[in-house]
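Trainee: Shown below is the structure under consideration.
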Amino acid sequence: MEILEYSRNRGLTGGERSSARDRGSHKIAGVRSDYSFYRKFVPLKNQKRVMLRFLGEQNRQDLISLFQNASAEDLRYCQHDLKDVKLLSRWLDHINSPRLLPLGAVDLENNQLIAAGTLLRGKHTARHVGEIKLFIARHFRNLGVGSILLDELMLLAARENLHWIKAEVVVDQKITIRALRNKGFQIRANLEDFFLRKDGATHDLVLMMRALNQEAEEL
């Protein structure tokens, strides 16, 4: 993985990592670090290269296009109707929130956003917990993009001094559940009929979590 630049308020760059003891001594931050200079170039299984970068207000249309180009099946298990431009725009109005780290993957051949992942810090008594969400364009699935984004979001969560990360997954998404298990996530709860689709059908949902402690040194 080629790292171009990684600039943060705390001065960490590229390969620098804090120890578990150092991370434990930091208070949980409430202000987002400066990732404006962050860039990583990574190869996929088909030998294409994509660039990871953080997303901001300037990427509003890129994100809207990413979801507008997705099929209904692609968005079947999303919690919100991401084809609703008004709804998506309201979410994008808060993309610079200190609680949110939005990470994108860009196809270098055409400078097109092909995947997006977010790390959302919890509030109040859950401010030490981050929730991860991923979406990958269909023609870039099964090429390693999801695994790359997930690894990076876990590393960022550790660097942001979070203690836990979680993901909510519909039980039908067996590939996603297996991928999360391979990254150290464990099922902590099974919520029956918790996910309600637009057509009224319900699905069971699992809450998967992973602790971020000494294991973060291996990411």
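Within each chain, counting starts at residue 1; across the structure tokens, chains are named A, B, ... in the order shown, with ligands numbered 1 upward in that order.
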Could you write out, as a ChimeraX atom specification, all the residues of chain A that DSSP marks as helix (DSSP H, G or I)?
Mentor: /A:20-25,57-68,85-92,124-126,138-140,145-159,174-182,214-218
Trainee: Each residue of region 99-130 of chain A with at least one atom at most 9 Å from region 142-156 of chain A should appear once, together with its nearest atom pair and the corresponding distance in Å (one decimal); atoms considered: only C-alpha atoms; ordering: chain, then increasing residue number; output as a tab-separated table.
Mentor:
```
residue	atom	partner	partner_atom	distance
A:Leu101	CA	A:Leu153	CA	8.5
A:Leu103	CA	A:Leu149	CA	7.7
A:Gly104	CA	A:Leu149	CA	8.2
A:Ala105	CA	A:Val145	CA	7.9
A:Ala115	CA	A:Val145	CA	7.6
A:Ala116	CA	A:Leu149	CA	8.1
A:Gly117	CA	A:Leu149	CA	6.6
A:Thr118	CA	A:Leu153	CA	7.6
A:Leu119	CA	A:Leu153	CA	6.5
```
Trainee: So that I have them on file, write out the residues from the current selection with N, CA, C and O atoms, as a compact mmCIF listing (two decimals), in the first residue's frame.
Mentor:
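File result.txt, as written:
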```txt
# COMPACT_ATOMS: atom_id res chain seq x y z
N LEU A 101 -16.24 10.47 10.06
CA LEU A 101 -15.08 10.33 9.18
C LEU A 101 -15.55 9.61 7.93
O LEU A 101 -15.74 8.39 7.93
N LEU A 103 -14.85 8.21 4.29
CA LEU A 103 -13.71 7.79 3.48
C LEU A 103 -14.20 7.28 2.13
O LEU A 103 -15.16 6.51 2.06
N GLY A 104 -13.56 7.70 1.06
CA GLY A 104 -13.96 7.28 -0.28
C GLY A 104 -12.84 6.57 -1.01
O GLY A 104 -11.66 6.76 -0.71
N ALA A 105 -13.23 5.73 -1.97
CA ALA A 105 -12.27 5.09 -2.88
C ALA A 105 -12.57 5.58 -4.29
O ALA A 105 -13.71 5.54 -4.74
N ALA A 115 -16.63 3.77 -4.11
CA ALA A 115 -16.99 3.19 -2.82
C ALA A 115 -16.90 4.27 -1.75
O ALA A 115 -16.13 5.23 -1.88
N ALA A 116 -17.69 4.10 -0.71
CA ALA A 116 -17.66 5.05 0.40
C ALA A 116 -17.84 4.28 1.71
O ALA A 116 -18.62 3.32 1.79
N GLY A 117 -17.10 4.69 2.69
CA GLY A 117 -17.22 4.12 4.02
C GLY A 117 -17.25 5.23 5.04
O GLY A 117 -16.64 6.29 4.84
N THR A 118 -17.99 5.02 6.13
CA THR A 118 -18.04 6.05 7.17
C THR A 118 -17.77 5.43 8.53
O THR A 118 -18.11 4.27 8.80
N LEU A 119 -17.14 6.22 9.37
CA LEU A 119 -16.95 5.90 10.77
C LEU A 119 -17.66 6.99 11.56
O LEU A 119 -17.28 8.16 11.48
```
Trainee: With distances taken over only C-alpha atoms, which of A:Leu92, A:Lys86, A:Leu66, A:His139 is nearest to Gln112 (chain A)?
Mentor: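 Closest residue, counting only C-alpha atoms: A:Leu66.
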Trainee: Region 91-131 of chain A: which residues are strand (DSSP E or B) by DSSP, as a list in words?
Mentor: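 Filtering region 91-131 of chain A to strand (DSSP E or B) leaves Leu100, Leu101, Pro102, Leu103, Gly104, Ala105, Val106, Asp107, Gln112, Leu113, Ile114, Ala115, Ala116, Gly117, Thr118, Leu119, Leu120, Arg121, Val129, Gly130 and Glu131 of chain A.
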